[in-house]
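S.K.: You'll find data13.txt just under this line, and it carries compact mmCIF, C-alpha atoms.
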```
# COMPACT_ATOMS: atom_id res chain seq x y z
CA MET T 24 139.60 112.54 82.62
CA PRO T 25 140.24 111.29 86.18
CA ASP T 26 142.09 107.98 86.38
CA GLN T 27 139.71 106.40 88.91
CA ILE T 28 135.97 106.15 89.38
CA THR T 29 133.99 105.09 92.45
CA LEU T 30 131.53 102.22 92.21
CA ARG T 31 128.85 102.14 94.94
CA VAL T 32 127.88 98.50 94.87
CA ALA T 33 124.86 97.03 96.69
CA ARG T 34 125.91 94.24 99.04
CA TYR T 35 123.52 91.73 100.56
CA ARG T 36 125.02 89.02 102.70
CA PRO T 37 122.01 87.12 104.07
CA GLU T 38 124.07 85.45 106.80
CA GLN T 39 125.03 88.80 108.33
CA GLU T 40 122.48 91.47 107.34
CA GLU T 41 118.71 91.93 107.01
CA ALA T 42 118.77 94.35 104.07
CA PRO T 43 121.30 95.43 101.43
CA THR T 44 123.98 97.97 102.25
CA PHE T 45 126.51 99.70 99.97
CA ASP T 46 130.25 99.28 99.67
CA GLU T 47 132.37 101.78 97.75
CA TYR T 48 135.31 100.78 95.59
CA ASP T 49 137.65 102.91 93.50
CA VAL T 50 138.45 101.25 90.18
CA PRO T 51 140.61 102.43 87.26
CA LEU T 52 138.64 104.59 84.81
CA ARG T 53 139.77 103.31 81.44
CA GLU T 54 138.18 104.25 78.15
CA ASP T 55 137.70 100.64 77.11
CA TRP T 56 136.35 99.41 80.45
CA VAL T 57 132.70 98.58 81.00
CA VAL T 58 131.00 98.33 84.40
CA LEU T 59 131.62 94.57 84.36
CA ASP T 60 135.37 95.19 84.01
CA GLY T 61 135.11 97.41 87.08
CA LEU T 62 133.40 94.62 89.06
CA ASN T 63 135.96 92.06 87.86
CA TYR T 64 138.69 94.40 89.07
CA ILE T 65 137.01 94.59 92.48
CA LYS T 66 136.63 90.79 92.60
CA ASP T 67 140.27 90.16 91.56
CA GLU T 68 142.05 92.97 93.37
CA LEU T 69 139.94 94.52 96.14
CA ASP T 70 137.21 92.26 97.52
CA GLY T 71 136.84 88.63 96.46
CA THR T 72 133.54 88.26 98.33
CA LEU T 73 131.52 90.31 95.83
CA SER T 74 128.96 88.15 93.99
CA TYR T 75 127.52 88.83 90.54
CA ARG T 76 126.69 86.87 87.40
CA TRP T 77 128.53 87.18 84.12
CA SER T 78 129.75 85.02 81.31
CA CYS T 79 130.25 86.12 77.70
CA ARG T 80 131.24 89.81 78.10
CA MET T 81 129.69 90.59 74.71
CA GLY T 82 125.95 91.08 75.17
CA ILE T 83 124.96 87.56 74.16
CA CYS T 84 124.55 85.47 77.31
CA GLY T 85 122.26 87.91 79.15
CA SER T 86 123.81 87.11 82.56
CA CYS T 87 125.19 90.45 83.71
CA GLY T 88 122.05 92.57 84.00
CA ALA T 89 122.00 95.05 86.90
CA MET T 90 120.66 98.50 87.75
CA VAL T 91 123.33 101.05 86.81
CA ASN T 92 122.44 104.42 88.30
CA GLY T 93 118.83 103.22 88.51
CA GLU T 94 118.57 102.00 84.90
CA PRO T 95 118.47 98.31 83.94
CA LYS T 96 121.62 97.65 81.88
CA LEU T 97 123.88 94.86 80.72
CA MET T 98 127.05 95.62 82.66
CA CYS T 99 129.17 94.30 79.77
CA ALA T 100 127.71 96.91 77.43
CA THR T 101 127.81 99.92 79.75
CA PHE T 102 131.01 101.94 79.66
CA LEU T 103 132.41 103.49 82.83
CA THR T 104 133.30 106.68 80.96
CA ALA T 105 129.61 107.33 80.25
CA TYR T 106 129.19 107.97 83.99
CA ALA T 107 132.43 109.86 84.71
CA PRO T 108 133.31 111.41 87.09
CA GLY T 109 130.97 109.09 89.03
CA PRO T 110 130.22 107.67 91.49
CA ILE T 111 128.26 104.90 89.77
CA ARG T 112 125.60 103.14 91.80
CA ILE T 113 125.11 99.47 91.02
CA ASP T 114 122.08 97.61 92.37
CA PRO T 115 120.73 94.16 91.60
CA LEU T 116 118.02 94.05 88.92
CA ALA T 117 114.85 95.64 90.29
CA ASN T 118 111.65 93.62 90.82
CA PHE T 119 113.45 90.37 91.69
CA PRO T 120 114.27 88.82 95.07
CA VAL T 121 117.98 89.13 95.84
CA ILE T 122 119.98 86.00 96.69
CA ARG T 123 123.30 87.75 97.38
CA ASP T 124 124.85 91.08 96.35
CA LEU T 125 123.94 91.50 92.65
CA VAL T 126 122.62 87.96 92.16
CA VAL T 127 118.84 87.77 91.78
CA GLU T 128 116.43 84.84 91.87
CA LEU T 129 114.97 84.00 88.43
CA THR T 130 112.87 80.87 89.08
CA ASP T 131 109.66 82.86 88.51
CA PHE T 132 110.70 83.72 84.95
CA MET T 133 111.94 80.21 84.23
CA THR T 134 108.52 78.82 85.23
CA LYS T 135 106.72 81.39 83.07
CA LEU T 136 109.01 80.73 80.12
CA GLY T 137 108.05 77.04 80.20
CA MET T 138 104.36 77.95 80.39
CA VAL T 139 104.41 79.72 77.00
CA LYS T 140 106.01 76.67 75.31
CA PRO T 141 108.86 78.47 73.55
CA TRP T 142 109.56 75.79 70.97
CA LEU T 143 108.17 74.76 67.58
CA ILE T 144 104.94 72.81 67.95
CA ARG T 145 103.86 70.85 64.89
CA ASP T 146 100.45 69.28 64.28
CA GLU T 147 102.19 66.75 62.06
CA GLU T 148 105.90 66.12 61.87
CA GLN T 149 107.24 65.93 58.33
CA PRO T 150 109.32 62.78 57.62
CA VAL T 151 113.06 63.50 57.78
CA GLU T 152 113.52 62.43 54.14
CA ASP T 153 111.21 65.29 53.07
CA GLY T 154 113.94 67.70 54.13
CA GLU T 155 113.85 70.97 56.03
CA TYR T 156 110.83 73.12 56.77
CA LEU T 157 111.50 75.87 54.27
CA GLN T 158 110.82 79.51 55.01
CA THR T 159 110.93 82.64 52.87
CA PRO T 160 112.88 85.72 54.04
CA ALA T 161 109.53 87.48 54.57
CA GLN T 162 108.34 84.64 56.85
CA LEU T 163 111.62 84.88 58.78
CA ASP T 164 111.20 88.64 59.15
CA GLU T 165 107.82 88.09 60.86
CA TYR T 166 109.42 86.74 64.03
CA LYS T 167 113.15 87.44 63.71
CA GLN T 168 113.35 90.42 66.07
CA PHE T 169 111.61 88.46 68.86
CA SER T 170 114.15 85.65 68.45
CA MET T 171 116.88 88.10 69.50
CA CYS T 172 115.79 87.92 73.17
CA ILE T 173 118.65 86.76 75.42
CA ASN T 174 116.55 86.37 78.61
CA CYS T 175 118.56 89.07 80.36
CA MET T 176 115.54 90.21 82.41
CA LEU T 177 116.17 93.94 81.88
CA CYS T 178 112.59 94.21 80.59
CA TYR T 179 111.17 92.66 83.78
CA SER T 180 113.23 95.11 85.80
CA ALA T 181 111.90 98.05 83.79
CA CYS T 182 108.27 96.89 83.96
CA PRO T 183 106.28 98.52 86.80
CA VAL T 184 103.38 96.12 86.25
CA TYR T 185 105.66 93.16 87.05
CA GLY T 186 107.11 95.14 89.97
CA LEU T 187 103.65 95.59 91.45
CA ASP T 188 102.31 92.12 90.69
CA THR T 189 104.69 89.28 89.86
CA LYS T 190 101.76 87.18 88.63
CA PHE T 191 102.04 89.12 85.35
CA LEU T 192 103.56 86.84 82.70
CA GLY T 193 105.92 89.65 81.72
CA PRO T 194 107.52 91.11 78.59
CA ALA T 195 110.17 88.52 77.62
CA ALA T 196 107.94 85.46 78.10
CA ILE T 197 105.24 87.03 75.90
CA ALA T 198 107.75 88.20 73.27
CA LEU T 199 109.19 84.67 73.16
CA ALA T 200 105.70 83.20 72.80
CA GLN T 201 105.17 85.55 69.86
CA ARG T 202 108.52 84.48 68.41
CA TYR T 203 106.97 81.02 67.91
CA ASN T 204 103.37 82.12 67.22
CA LEU T 205 104.59 84.18 64.25
CA ASP T 206 106.82 81.39 62.91
CA SER T 207 105.34 79.88 59.74
CA ARG T 208 106.56 76.41 60.83
CA ASP T 209 104.65 76.51 64.13
CA ASP T 210 101.13 75.20 64.79
CA GLY T 211 101.08 75.79 68.55
CA GLY T 212 99.29 79.16 68.68
CA HIS T 213 96.12 77.68 70.22
CA GLU T 214 98.15 75.94 72.96
CA ARG T 215 99.77 79.26 73.96
CA LEU T 216 96.49 81.17 73.74
CA THR T 217 95.23 79.81 77.08
CA VAL T 218 98.24 81.16 78.97
CA LEU T 219 98.66 84.40 77.02
CA SER T 220 95.00 85.46 77.07
CA GLN T 221 94.63 85.19 80.86
CA PRO T 222 94.24 88.43 82.87
CA GLU T 223 97.86 87.88 84.02
CA GLY T 224 98.90 87.32 80.40
CA VAL T 225 98.86 90.07 77.79
CA TRP T 226 95.97 91.88 79.50
CA GLY T 227 98.16 92.67 82.50
CA CYS T 228 100.22 95.00 80.29
CA THR T 229 99.15 98.62 80.30
CA TYR T 230 101.62 99.75 77.66
CA VAL T 231 104.19 101.57 79.71
CA GLY T 232 106.73 100.76 76.99
CA GLU T 233 109.78 100.74 79.29
CA CYS T 234 110.47 97.07 78.43
CA SER T 235 111.16 97.96 74.79
CA ARG T 236 113.33 100.91 75.80
CA ALA T 237 115.34 98.77 78.23
CA CYS T 238 115.93 95.88 75.79
CA PRO T 239 119.62 95.75 74.79
CA LYS T 240 118.86 93.63 71.72
CA GLY T 241 116.24 95.81 70.02
CA VAL T 242 113.39 93.38 70.72
CA ASP T 243 110.08 95.17 71.11
CA PRO T 244 108.22 93.22 73.82
CA ALA T 245 105.65 96.03 74.20
CA GLY T 246 104.87 95.69 70.49
CA ALA T 247 104.61 91.89 70.80
CA ILE T 248 102.17 92.25 73.67
CA GLN T 249 99.96 94.85 71.96
CA ARG T 250 99.91 92.73 68.81
CA TYR T 251 98.90 89.66 70.77
CA LYS T 252 96.09 91.57 72.47
CA LEU T 253 94.50 91.89 69.03
CA THR T 254 95.03 88.16 68.38
CA ALA T 255 93.51 87.24 71.78
CA ALA T 256 90.55 89.59 71.30
CA THR T 257 89.88 88.19 67.81
CA ALA T 258 90.06 84.63 69.14
CA ALA T 259 87.63 85.51 71.97
CA VAL T 260 85.10 87.03 69.53
CA LYS T 261 85.46 84.01 67.20
CA SER T 262 84.86 81.53 70.01
CA LEU T 263 81.82 83.59 71.10
CA LEU T 264 80.33 83.65 67.59
CA MET T 265 81.34 80.08 66.72
CA PRO T 266 81.54 78.19 70.02
CA TRP T 267 81.67 74.85 68.18
CA GLY T 268 84.03 76.04 65.47
CA GLN T 269 87.52 74.69 65.02
CA ARG T 270 90.03 76.47 67.16
CA MET V 84 118.43 73.54 93.64
CA SER V 85 114.97 74.96 94.32
CA SER V 86 114.92 73.58 97.89
CA GLN V 87 118.33 75.19 98.48
CA LEU V 88 116.99 78.52 97.23
CA SER V 89 113.81 78.32 99.27
CA SER V 90 115.86 77.73 102.40
CA ALA V 91 118.14 80.70 101.58
CA ARG V 92 117.05 84.04 102.99
CA LEU V 93 116.05 86.12 99.98
CA TYR V 94 115.79 89.88 100.21
CA LYS V 95 112.53 91.04 98.66
CA PRO V 96 112.65 94.77 97.93
CA LYS V 97 109.47 96.69 98.69
CA VAL V 98 107.99 99.03 96.09
CA PRO V 99 108.04 102.58 97.53
CA LEU V 100 104.71 104.43 97.67
CA LEU V 101 105.83 107.14 95.23
CA TRP V 102 107.58 104.78 92.78
CA TRP V 103 105.49 106.21 89.94
CA LEU V 104 107.14 109.63 90.28
CA SER V 105 110.61 108.24 89.61
CA ARG V 106 110.26 108.20 85.83
CA ARG V 107 108.09 110.14 83.38
CA SER V 108 106.83 106.98 81.67
CA TYR V 109 105.75 105.55 85.04
CA THR V 110 103.87 108.77 85.87
CA MET V 111 102.16 108.64 82.48
CA PHE V 112 101.27 105.00 83.14
CA VAL V 113 99.54 105.88 86.40
CA LEU V 114 97.79 108.87 84.76
CA ARG V 115 96.58 106.60 81.96
CA GLU V 116 95.19 104.17 84.54
CA LEU V 117 93.44 107.13 86.19
CA SER V 118 92.11 108.29 82.81
CA SER V 119 89.65 105.37 82.81
CA VAL V 120 87.73 107.09 85.64
CA PHE V 121 87.34 110.23 83.52
CA VAL V 122 86.42 108.24 80.42
CA ALA V 123 83.68 106.60 82.52
CA TRP V 124 82.54 110.05 83.75
CA THR V 125 82.36 111.30 80.13
CA VAL V 126 80.07 108.38 79.26
CA VAL V 127 77.85 109.10 82.29
CA TYR V 128 77.73 112.81 81.34
CA LEU V 129 76.69 111.97 77.78
CA LEU V 130 73.99 109.58 79.03
CA LEU V 131 72.66 112.34 81.34
CA LEU V 132 72.59 114.70 78.33
CA ILE V 133 70.68 112.17 76.25
CA ARG V 134 68.21 111.62 79.09
CA ALA V 135 67.66 115.40 79.43
CA VAL V 136 67.10 115.79 75.67
CA SER V 137 64.62 112.90 75.62
CA ARG V 138 62.59 114.50 78.45
CA GLY V 139 61.85 117.73 76.55
CA PRO V 140 63.05 121.37 76.35
CA ALA V 141 62.53 122.24 80.03
CA GLU V 142 64.68 119.35 81.22
CA TYR V 143 67.30 120.16 78.56
CA GLN V 144 67.48 123.80 79.77
CA ARG V 145 67.91 122.56 83.35
CA PHE V 146 70.75 120.31 82.15
CA LEU V 147 72.42 123.24 80.35
CA HIS V 148 72.14 125.38 83.49
CA TRP V 149 73.67 122.56 85.58
CA ALA V 150 76.40 122.01 82.96
CA ALA V 151 77.35 125.71 83.17
CA SER V 152 78.15 125.54 86.88
CA PRO V 153 81.84 126.34 87.47
CA TRP V 154 82.76 123.09 89.25
CA LEU V 155 81.29 121.04 86.41
CA ILE V 156 83.18 123.08 83.80
CA VAL V 157 86.42 122.42 85.70
CA LEU V 158 85.57 118.74 86.03
CA ASN V 159 84.77 118.45 82.32
CA ALA V 160 87.95 120.33 81.35
CA VAL V 161 90.00 117.87 83.41
CA ALA V 162 87.99 114.99 81.94
CA LEU V 163 88.68 116.27 78.41
CA ALA V 164 92.44 116.33 79.11
CA PHE V 165 92.33 112.73 80.40
CA VAL V 166 90.13 111.54 77.50
CA LEU V 167 92.63 113.10 75.07
CA LEU V 168 95.49 111.32 76.88
CA HIS V 169 93.49 108.09 76.57
CA ALA V 170 92.86 108.68 72.84
CA ILE V 171 96.48 109.62 72.08
CA THR V 172 97.69 106.47 73.88
CA PHE V 173 95.22 104.39 71.86
CA VAL V 174 96.32 105.90 68.54
CA ASN V 175 100.04 105.59 69.33
CA LEU V 176 99.54 101.98 70.38
CA THR V 177 97.69 100.95 67.22
CA PRO V 178 100.74 100.61 64.92
CA GLN V 179 102.30 98.27 67.48
CA ALA V 180 99.13 96.19 67.80
CA MET V 181 98.41 95.92 64.07
CA ALA V 182 100.83 94.69 61.45
CA VAL V 183 99.02 96.04 58.37
CA ARG V 184 100.36 94.88 55.02
CA VAL V 185 99.63 96.35 51.62
CA ARG V 186 100.86 94.33 48.62
CA GLY V 187 103.16 92.33 50.89
CA ARG V 188 104.81 95.40 52.43
CA ARG V 189 104.26 96.45 56.01
CA VAL V 190 102.63 99.86 56.33
CA PRO V 191 104.93 102.15 58.40
CA GLY V 192 103.67 102.83 61.92
CA ARG V 193 103.75 106.60 61.45
CA LEU V 194 101.45 106.35 58.44
CA LEU V 195 99.02 104.18 60.38
CA ALA V 196 98.97 106.50 63.42
CA GLY V 197 98.88 109.56 61.14
CA SER V 198 95.79 108.30 59.33
CA LEU V 199 94.10 107.66 62.69
CA TYR V 200 94.94 111.21 63.88
CA LEU V 201 93.58 112.55 60.58
CA THR V 202 90.34 110.58 61.03
CA LEU V 203 90.08 111.88 64.61
CA LEU V 204 90.60 115.44 63.35
CA LEU V 205 88.05 115.10 60.52
CA VAL V 206 85.37 113.60 62.81
CA SER V 207 86.01 116.34 65.41
CA ALA V 208 85.79 119.05 62.69
CA PHE V 209 82.54 117.54 61.40
CA LEU V 210 81.07 117.47 64.92
CA ALA V 211 82.23 121.06 65.56
CA TRP V 212 80.59 122.14 62.29
CA LEU V 213 77.41 120.26 63.28
CA VAL V 214 77.25 122.02 66.68
CA VAL V 215 78.56 125.50 65.83
CA GLY V 216 77.83 125.86 62.11
```
Could you show the structure in this file as structure tokens?
M.R.:
Amino acid sequence: MPDQITLRVARYRPEQEEAPTFDEYDVPLREDWVVLDGLNYIKDELDGTLSYRWSCRMGICGSCGAMVNGEPKLMCATFLTAYAPGPIRIDPLANFPVIRDLVVELTDFMTKLGMVKPWLIRDEEQPVEDGEYLQTPAQLDEYKQFSMCINCMLCYSACPVYGLDTKFLGPAAIALAQRYNLDSRDDGGHERLTVLSQPEGVWGCTYVGECSRACPKGVDPAGAIQRYKLTAATAAVKSLLMPWGQR
Amino acid sequence: MSSQLSSARLYKPKVPLLWWLSRRSYTMFVLRELSSVFVAWTVVYLLLLIRAVSRGPAEYQRFLHWAASPWLIVLNAVALAFVLLHAITFVNLTPQAMAVRVRGRRVPGRLLAGSLYLTLLLVSAFLAWLVVG
């Protein structure tokens, strides 16, 4: 095994260039080093101007997403040795505007996340003295996998529909809406229906499935979206047959 | 924060024209989108057949003669391939869209898709028997 590997890192410095360029750095190729360790080495030892996001280093915070050799990956969970002898190309997450180097602009997702109301909505709050809202393991299983989403945006990067039209609500926002829709303690399904059943909601998805393949946490956004299509279609038929019925 | 970002010069990457050739799943996605055109053609073709049948034997024979022209056979062969792609996508998607439970247990996706493929096969065999047998 060689003792060094080359990282070709996309650089975008808006004050001095119109479009990204690439800088090459040789970093130590160690068995226990992930791509993020390589970038930290560059930042500490070779070029302090390189910008990228990271925090937890253990696949929980969802900050360090980037394109590694064209694939959306968490840099903290992608080992350098998997790409030896290199070089490894590192680009910012695809489908997002780039602020600087590997840092992308995520306001669009943050707005969409708020639109799907990712919190428990209750018709009536139970008095505190009545205790917790109990749930059986089976009820927990209904939504648990969708609650694993860490908002890392790899699914948006993998989704060609979002790449072509950013109006699409996108995989993570829909999966997170389903996380609450499928929660037995939640009564907010009808409030999320308006946003999710729009053409830019679940109907924008054409089942490419790359979002589920890209997800580092085993969430299945494609499954959440297809499942919600059935919910939205059923709700549409119900409202057509019973326009004055209770929603 | 947002005003700072809006004043910053963001780089917005453009999607290349042949982006859909970069990955097999993207190519399949575009082919599936295209399949809707062939599904529509199949419906039109069936409606034309029904119209010919309803207008009597002479019109039906004319339809058969037209249907046997080489370009139409090629078109229909391509249409069949796309309709099959459409159907396979639909069947494979069903287990993800439906969480079917029997006695509290979720039916495995493979069983659900398998039963749909079996139904598709049985209906096709029945239709083949009806036409050929």
S.K.: By how many Å are atom CA of Tyr75 of chain T and atom CA of Leu93 of chain V apart?
M.R.: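 That distance, rounded to one decimal, is 15.1 Å.
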S.K.: Which is closer to Cys238 of chain T than all the others in T:Cys172, T:Leu264, T:Met90, T:Ile113, using all atoms listed in the file?
M.R.: T:Cys172
S.K.: Quick one: residues within 10 Å of Ala150 of chain V, only C-alpha atoms counted, chain neighbours fewer than 4 positions away excluded, as a PyMOL selection string?
M.R.: chain V and resi 128+132+144-146+154-156+159
S.K.: As a VMD selection string, could you give me every residue of chain T near chain V (at most 7 Å apart, counting all atoms listed in the file)?
M.R.: chain T and resid 37 42 120 to 122 231 246 249 to 250 253
S.K.: Would you work out the distance separating atom CA of Arg34 of chain T from atom CA of Asp124 of chain T, expressed in Å to one decimal?
M.R.: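 Those two atoms sit 4.3 Å apart.
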S.K.: Of the candidates T:Lys167, T:Lys96, T:Arg80, T:Arg31, which one gets nearest to Trp56 of chain T if we count only C-alpha atoms?
M.R.: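 So, comparing all the options, the nearest one is T:Arg80.
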S.K.: Can you find the residues with an atom no farther than 6 Å from (100.2, 103.3, 64.3), counting all atoms listed in the file, and report them as an MDAnalysis selection string?
M.R.: chainID V and resid 175 177:178 192:193 195:196
S.K.: Residues as selected, C-alpha atoms, written as a PDB file, in the frame of the given file, can you do that?
M.R.:
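Result went into selection22.pdb, see below:
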```
ATOM      1  CA  ASN V 175     100.040 105.590  69.330  1.00  0.00           C
ATOM      2  CA  THR V 177      97.690 100.950  67.220  1.00  0.00           C
ATOM      3  CA  PRO V 178     100.740 100.610  64.920  1.00  0.00           C
ATOM      4  CA  GLY V 192     103.670 102.830  61.920  1.00  0.00           C
ATOM      5  CA  ARG V 193     103.750 106.600  61.450  1.00  0.00           C
ATOM      6  CA  LEU V 195      99.020 104.180  60.380  1.00  0.00           C
ATOM      7  CA  ALA V 196      98.970 106.500  63.420  1.00  0.00           C
TER       8      ALA V 196
END
```
S.K.: What is the atom CA of Ala247 of chain T to atom CA of Ala170 of chain V distance in Å?
M.R.: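 Separation between atom CA of Ala247 of chain T and atom CA of Ala170 of chain V: 20.6 Å.
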S.K.: So that I can check the surroundings of Ile28 of chain T, please list as a ChimeraX atom specification every protein, DNA and RNA residue that reaches within 8 Å of it, counting only C-alpha atoms and ignoring chain neighbours fewer than 5 positions away.
M.R.: /T:49-52,103,107-111
S.K.: Got a minute to add N, CA and C atoms to segment 211-222 of chain T and dump it as an mmCIF file, in the coordinates of the input?
M.R.:
```
data_model
loop_
_atom_site.group_PDB
_atom_site.id
_atom_site.type_symbol
_atom_site.label_atom_id
_atom_site.label_comp_id
_atom_site.auth_asym_id
_atom_site.auth_seq_id
_atom_site.Cartn_x
_atom_site.Cartn_y
_atom_site.Cartn_z
ATOM 1 N N GLY T 211 101.426 75.851 67.120
ATOM 2 C CA GLY T 211 101.080 75.790 68.550
ATOM 3 C C GLY T 211 100.365 77.013 69.095
ATOM 4 N N GLY T 212 99.915 77.920 68.215
ATOM 5 C CA GLY T 212 99.290 79.160 68.680
ATOM 6 C C GLY T 212 98.144 78.930 69.648
ATOM 7 N N HIS T 213 97.283 77.913 69.345
ATOM 8 C CA HIS T 213 96.120 77.680 70.220
ATOM 9 C C HIS T 213 96.541 77.149 71.590
ATOM 10 N N GLU T 214 97.681 76.456 71.657
ATOM 11 C CA GLU T 214 98.150 75.940 72.960
ATOM 12 C C GLU T 214 98.667 77.084 73.833
ATOM 13 N N ARG T 215 99.245 78.117 73.191
ATOM 14 C CA ARG T 215 99.770 79.260 73.960
ATOM 15 C C ARG T 215 98.677 80.252 74.313
ATOM 16 N N LEU T 216 97.575 80.204 73.535
ATOM 17 C CA LEU T 216 96.490 81.170 73.740
ATOM 18 C C LEU T 216 95.961 81.154 75.182
ATOM 19 N N THR T 217 95.791 79.935 75.737
ATOM 20 C CA THR T 217 95.230 79.810 77.080
ATOM 21 C C THR T 217 96.051 80.591 78.107
ATOM 22 N N VAL T 218 97.368 80.476 77.999
ATOM 23 C CA VAL T 218 98.240 81.160 78.970
ATOM 24 C C VAL T 218 98.301 82.659 78.675
ATOM 25 N N LEU T 219 98.459 82.990 77.384
ATOM 26 C CA LEU T 219 98.660 84.400 77.020
ATOM 27 C C LEU T 219 97.411 85.246 77.210
ATOM 28 N N SER T 220 96.219 84.638 77.024
ATOM 29 C CA SER T 220 95.000 85.460 77.070
ATOM 30 C C SER T 220 94.398 85.559 78.465
ATOM 31 N N GLN T 221 95.089 85.030 79.474
ATOM 32 C CA GLN T 221 94.630 85.190 80.860
ATOM 33 C C GLN T 221 94.787 86.654 81.299
ATOM 34 N N PRO T 222 94.051 87.056 82.370
ATOM 35 C CA PRO T 222 94.240 88.430 82.870
ATOM 36 C C PRO T 222 95.712 88.716 83.212
#
```
